[in-house]
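Read through the structure below, which is laid out as structure tokens, and then see the notes.
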Amino acid sequence: MLEELISEFQEHFSLVKILLNDRHFFENLQKAVHEIISALKKRKYILICGNGGSAADAQHLAAELVGRFEQERRSFPVLALTTNTSSITAIGNDYSFEEIFSRQVEAYGEKEGVLIAISTSGRSRNVIRAVKKAKELGMYTIGLTGNDGGDLGKLVDCHINVPYSRTARIQEIHELIYHAICYCVEKELMK
């Protein structure tokens, strides 16, 4: 078992090393941070959606930005679209599961706001529909994906892809991305 545990850490470390040498990855991440900061300076909403582990990640990122990451500061207008179970179940029942995020984007989305869409496969239909609705409203769209990015990667304004096949490793890098975003947002908006 010790070898398996060490192997998990080595695989994570190897993926981080690959990404550290990927200039395109960091250029896209920088672009995403810039757009998030721009929206927050205007007090525009940042909406976040995803399924399963990515739903938990959406809530985690929203909590860091609404509450605080490392700095005492005012709260930022960030909403995880994964938290209102009454809305999610009503929309899923009355429309379809594919509409659970797009209907909420329609309700809360605004021009110059940002939608962060998380899908490790890049193929989650409800996340893709949310992006399409956000684009209709004039929102900036950021996609966090894995593997080849799927349809989501082709649709968003800014695609941050972790080109790997194991969901666990993709989610670990996504969490590092969220924390890097929070760090940069706080540093810039605390000036």
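Ordered as shown in the structure tokens, chains take letters A, B, and onward, while each chain numbers its residues from 1 and ligands are numbered from 1 in the order shown.
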
Sorted by chain and rising residue number, list the residues of stretch 48-165 of chain A at most 9 Å from stretch 10-25 of chain A (counting only C-alpha atoms), each with its closest atom pair and distance in Å to one decimal, as a tab-separated table.
```
residue	atom	partner	partner_atom	distance
A:His159	CA	A:Phe25	CA	8.6
A:Ile160	CA	A:Phe25	CA	6.3
A:Asn161	CA	A:Phe25	CA	7.1
A:Val162	CA	A:Leu19	CA	7.9
A:Pro163	CA	A:Leu19	CA	8.9
A:Tyr164	CA	A:Leu15	CA	8.1
```

Create the file for the chosen residues now, containing C-alpha atoms and written as an mmCIF file, in the first residue's frame.
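Here's the written file part33.cif:
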```cif
data_model
loop_
_atom_site.group_PDB
_atom_site.id
_atom_site.type_symbol
_atom_site.label_atom_id
_atom_site.label_comp_id
_atom_site.auth_asym_id
_atom_site.auth_seq_id
_atom_site.Cartn_x
_atom_site.Cartn_y
_atom_site.Cartn_z
ATOM 1 C CA HIS A 159 -10.389 27.697 -21.680
ATOM 2 C CA ILE A 160 -8.216 26.451 -18.814
ATOM 3 C CA ASN A 161 -7.566 22.811 -19.567
ATOM 4 C CA VAL A 162 -5.765 20.180 -17.520
ATOM 5 C CA PRO A 163 -4.793 17.776 -20.314
ATOM 6 C CA TYR A 164 -4.988 14.588 -18.288
#
```

Practice problem: Apply DSSP to the structure's backbone, then extract all residues of chain A labelled helix (DSSP H, G or I) and return them as a VMD selection string. | Solution: chain A and resid 2 to 20 23 to 41 53 to 66 85 to 94 97 to 99 102 to 108 125 to 136 150 to 155 167 to 189

Saved selection, atoms kept: C-alpha atoms, as an mmCIF file, in the first residue's frame:
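File produced: result.cif:
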```cif
data_model
loop_
_atom_site.group_PDB
_atom_site.id
_atom_site.type_symbol
_atom_site.label_atom_id
_atom_site.label_comp_id
_atom_site.auth_asym_id
_atom_site.auth_seq_id
_atom_site.Cartn_x
_atom_site.Cartn_y
_atom_site.Cartn_z
ATOM 1 C CA LEU A 2 2.878 2.407 0.706
ATOM 2 C CA GLU A 3 3.988 2.216 -2.927
ATOM 3 C CA GLU A 4 0.480 3.052 -4.141
ATOM 4 C CA LEU A 5 0.286 6.065 -1.829
ATOM 5 C CA ILE A 6 3.667 7.343 -2.995
ATOM 6 C CA SER A 7 2.644 6.740 -6.604
ATOM 7 C CA GLU A 8 -0.463 8.946 -6.196
ATOM 8 C CA PHE A 9 1.690 11.826 -4.957
ATOM 9 C CA GLN A 10 4.269 11.278 -7.692
ATOM 10 C CA GLU A 11 1.578 11.346 -10.375
ATOM 11 C CA HIS A 12 0.225 14.631 -8.992
ATOM 12 C CA PHE A 13 3.707 16.146 -8.849
ATOM 13 C CA SER A 14 4.478 15.025 -12.412
ATOM 14 C CA LEU A 15 1.312 16.697 -13.694
ATOM 15 C CA VAL A 16 2.171 19.938 -11.883
ATOM 16 C CA LYS A 17 5.632 19.873 -13.501
ATOM 17 C CA ILE A 18 4.091 19.414 -16.958
ATOM 18 C CA LEU A 19 1.742 22.370 -16.408
ATOM 19 C CA LEU A 20 4.543 24.576 -15.085
ATOM 20 C CA ARG A 23 2.898 28.821 -21.152
ATOM 21 C CA HIS A 24 -0.535 28.668 -22.833
ATOM 22 C CA PHE A 25 -2.060 27.239 -19.633
ATOM 23 C CA PHE A 26 -0.767 30.175 -17.573
ATOM 24 C CA GLU A 27 -1.694 32.768 -20.198
ATOM 25 C CA ASN A 28 -5.284 31.512 -20.092
ATOM 26 C CA LEU A 29 -5.281 31.445 -16.299
ATOM 27 C CA GLN A 30 -3.996 35.028 -16.238
ATOM 28 C CA LYS A 31 -6.701 36.075 -18.707
ATOM 29 C CA ALA A 32 -9.366 34.445 -16.504
ATOM 30 C CA VAL A 33 -8.092 36.209 -13.386
ATOM 31 C CA HIS A 34 -8.074 39.533 -15.236
ATOM 32 C CA GLU A 35 -11.712 39.105 -16.325
ATOM 33 C CA ILE A 36 -12.812 38.044 -12.835
ATOM 34 C CA ILE A 37 -11.108 41.071 -11.281
ATOM 35 C CA SER A 38 -12.609 43.370 -13.911
ATOM 36 C CA ALA A 39 -16.120 42.076 -13.187
ATOM 37 C CA LEU A 40 -15.671 42.325 -9.421
ATOM 38 C CA LYS A 41 -14.437 45.909 -9.678
ATOM 39 C CA GLY A 53 -17.069 17.014 -7.431
ATOM 40 C CA SER A 54 -17.127 20.092 -9.651
ATOM 41 C CA ALA A 55 -20.329 21.209 -7.880
ATOM 42 C CA ALA A 56 -18.466 20.994 -4.590
ATOM 43 C CA ASP A 57 -15.604 22.932 -6.185
ATOM 44 C CA ALA A 58 -18.040 25.631 -7.349
ATOM 45 C CA GLN A 59 -19.237 26.014 -3.758
ATOM 46 C CA HIS A 60 -15.675 26.034 -2.435
ATOM 47 C CA LEU A 61 -14.568 28.793 -4.813
ATOM 48 C CA ALA A 62 -17.690 30.852 -4.117
ATOM 49 C CA ALA A 63 -17.178 30.507 -0.361
ATOM 50 C CA GLU A 64 -13.566 31.715 -0.615
ATOM 51 C CA LEU A 65 -14.645 34.822 -2.542
ATOM 52 C CA VAL A 66 -17.837 35.642 -0.629
ATOM 53 C CA THR A 85 -31.736 22.540 -4.092
ATOM 54 C CA SER A 86 -35.296 23.842 -4.424
ATOM 55 C CA SER A 87 -34.414 25.660 -7.653
ATOM 56 C CA ILE A 88 -32.356 22.748 -8.968
ATOM 57 C CA THR A 89 -35.074 20.162 -8.318
ATOM 58 C CA ALA A 90 -37.889 22.405 -9.569
ATOM 59 C CA ILE A 91 -36.023 23.215 -12.785
ATOM 60 C CA GLY A 92 -35.004 19.576 -13.219
ATOM 61 C CA ASN A 93 -38.589 18.437 -12.702
ATOM 62 C CA ASP A 94 -40.389 21.146 -14.692
ATOM 63 C CA PHE A 97 -31.668 18.326 -15.732
ATOM 64 C CA GLU A 98 -29.940 19.971 -18.688
ATOM 65 C CA GLU A 99 -31.559 23.308 -17.727
ATOM 66 C CA SER A 102 -28.982 27.807 -17.627
ATOM 67 C CA ARG A 103 -32.249 28.876 -15.958
ATOM 68 C CA GLN A 104 -30.267 30.248 -13.031
ATOM 69 C CA VAL A 105 -27.855 32.015 -15.378
ATOM 70 C CA GLU A 106 -30.904 33.579 -17.007
ATOM 71 C CA ALA A 107 -32.048 34.779 -13.557
ATOM 72 C CA TYR A 108 -28.725 36.064 -12.164
ATOM 73 C CA ARG A 125 -24.641 19.164 -21.173
ATOM 74 C CA ASN A 126 -26.125 21.248 -18.366
ATOM 75 C CA VAL A 127 -22.832 23.154 -17.994
ATOM 76 C CA ILE A 128 -22.611 23.686 -21.766
ATOM 77 C CA ARG A 129 -26.188 25.041 -21.800
ATOM 78 C CA ALA A 130 -25.281 27.443 -18.991
ATOM 79 C CA VAL A 131 -22.365 28.755 -21.066
ATOM 80 C CA LYS A 132 -24.604 29.262 -24.096
ATOM 81 C CA LYS A 133 -27.101 31.228 -21.979
ATOM 82 C CA ALA A 134 -24.280 33.300 -20.431
ATOM 83 C CA LYS A 135 -22.963 34.204 -23.871
ATOM 84 C CA GLU A 136 -26.467 35.319 -24.913
ATOM 85 C CA GLY A 150 -14.635 18.488 -24.928
ATOM 86 C CA ASP A 151 -17.317 20.758 -26.371
ATOM 87 C CA LEU A 152 -17.059 23.090 -23.389
ATOM 88 C CA GLY A 153 -13.460 23.973 -24.223
ATOM 89 C CA LYS A 154 -14.455 25.022 -27.734
ATOM 90 C CA LEU A 155 -17.359 27.158 -26.531
ATOM 91 C CA THR A 167 -10.500 12.833 -12.869
ATOM 92 C CA ALA A 168 -8.834 12.889 -9.434
ATOM 93 C CA ARG A 169 -5.702 14.577 -10.805
ATOM 94 C CA ILE A 170 -7.777 17.043 -12.855
ATOM 95 C CA GLN A 171 -9.787 18.003 -9.770
ATOM 96 C CA GLU A 172 -6.616 18.458 -7.714
ATOM 97 C CA ILE A 173 -5.228 20.885 -10.274
ATOM 98 C CA HIS A 174 -8.584 22.652 -10.476
ATOM 99 C CA GLU A 175 -8.405 23.240 -6.722
ATOM 100 C CA LEU A 176 -4.926 24.718 -7.104
ATOM 101 C CA ILE A 177 -6.334 26.964 -9.856
ATOM 102 C CA TYR A 178 -9.161 28.150 -7.551
ATOM 103 C CA HIS A 179 -6.727 29.040 -4.805
ATOM 104 C CA ALA A 180 -4.438 30.847 -7.247
ATOM 105 C CA ILE A 181 -7.432 32.828 -8.540
ATOM 106 C CA CYS A 182 -8.466 33.759 -4.984
ATOM 107 C CA TYR A 183 -4.927 34.803 -4.088
ATOM 108 C CA CYS A 184 -4.610 37.060 -7.140
ATOM 109 C CA VAL A 185 -8.115 38.525 -6.756
ATOM 110 C CA GLU A 186 -7.507 39.450 -3.127
ATOM 111 C CA LYS A 187 -4.052 40.831 -3.828
ATOM 112 C CA GLU A 188 -5.333 43.039 -6.666
ATOM 113 C CA LEU A 189 -8.535 44.209 -5.008
#
```

So which bits of chain A end up strand (DSSP E or B) when you DSSP the backbone, as an mmCIF file with C-alpha atoms, in the first residue's frame?
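That gives us selection.cif:
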```cif
data_model
loop_
_atom_site.group_PDB
_atom_site.id
_atom_site.type_symbol
_atom_site.label_atom_id
_atom_site.label_comp_id
_atom_site.auth_asym_id
_atom_site.auth_seq_id
_atom_site.Cartn_x
_atom_site.Cartn_y
_atom_site.Cartn_z
ATOM 1 C CA ILE A 46 -19.398 35.760 -10.820
ATOM 2 C CA LEU A 47 -21.542 32.635 -11.318
ATOM 3 C CA ILE A 48 -20.057 29.148 -10.995
ATOM 4 C CA CYS A 49 -21.468 25.762 -11.970
ATOM 5 C CA VAL A 78 -20.089 35.302 -6.265
ATOM 6 C CA LEU A 79 -22.776 32.634 -6.508
ATOM 7 C CA ALA A 80 -22.439 28.865 -6.882
ATOM 8 C CA VAL A 114 -18.533 36.094 -15.499
ATOM 9 C CA LEU A 115 -19.598 32.453 -15.616
ATOM 10 C CA ILE A 116 -17.053 29.880 -14.472
ATOM 11 C CA ALA A 117 -18.106 26.516 -15.900
ATOM 12 C CA ILE A 118 -16.398 23.427 -14.464
ATOM 13 C CA SER A 119 -16.456 20.028 -16.160
ATOM 14 C CA TYR A 140 -17.546 36.386 -20.118
ATOM 15 C CA THR A 141 -17.236 32.595 -19.925
ATOM 16 C CA ILE A 142 -14.389 30.614 -18.381
ATOM 17 C CA GLY A 143 -14.202 26.838 -18.727
ATOM 18 C CA LEU A 144 -12.165 24.590 -16.448
ATOM 19 C CA THR A 145 -11.829 21.176 -18.026
ATOM 20 C CA GLY A 146 -9.659 18.095 -18.298
ATOM 21 C CA CYS A 158 -11.245 31.387 -21.879
ATOM 22 C CA HIS A 159 -10.389 27.697 -21.680
ATOM 23 C CA ILE A 160 -8.216 26.451 -18.814
ATOM 24 C CA ASN A 161 -7.566 22.811 -19.567
ATOM 25 C CA VAL A 162 -5.765 20.180 -17.520
#
```
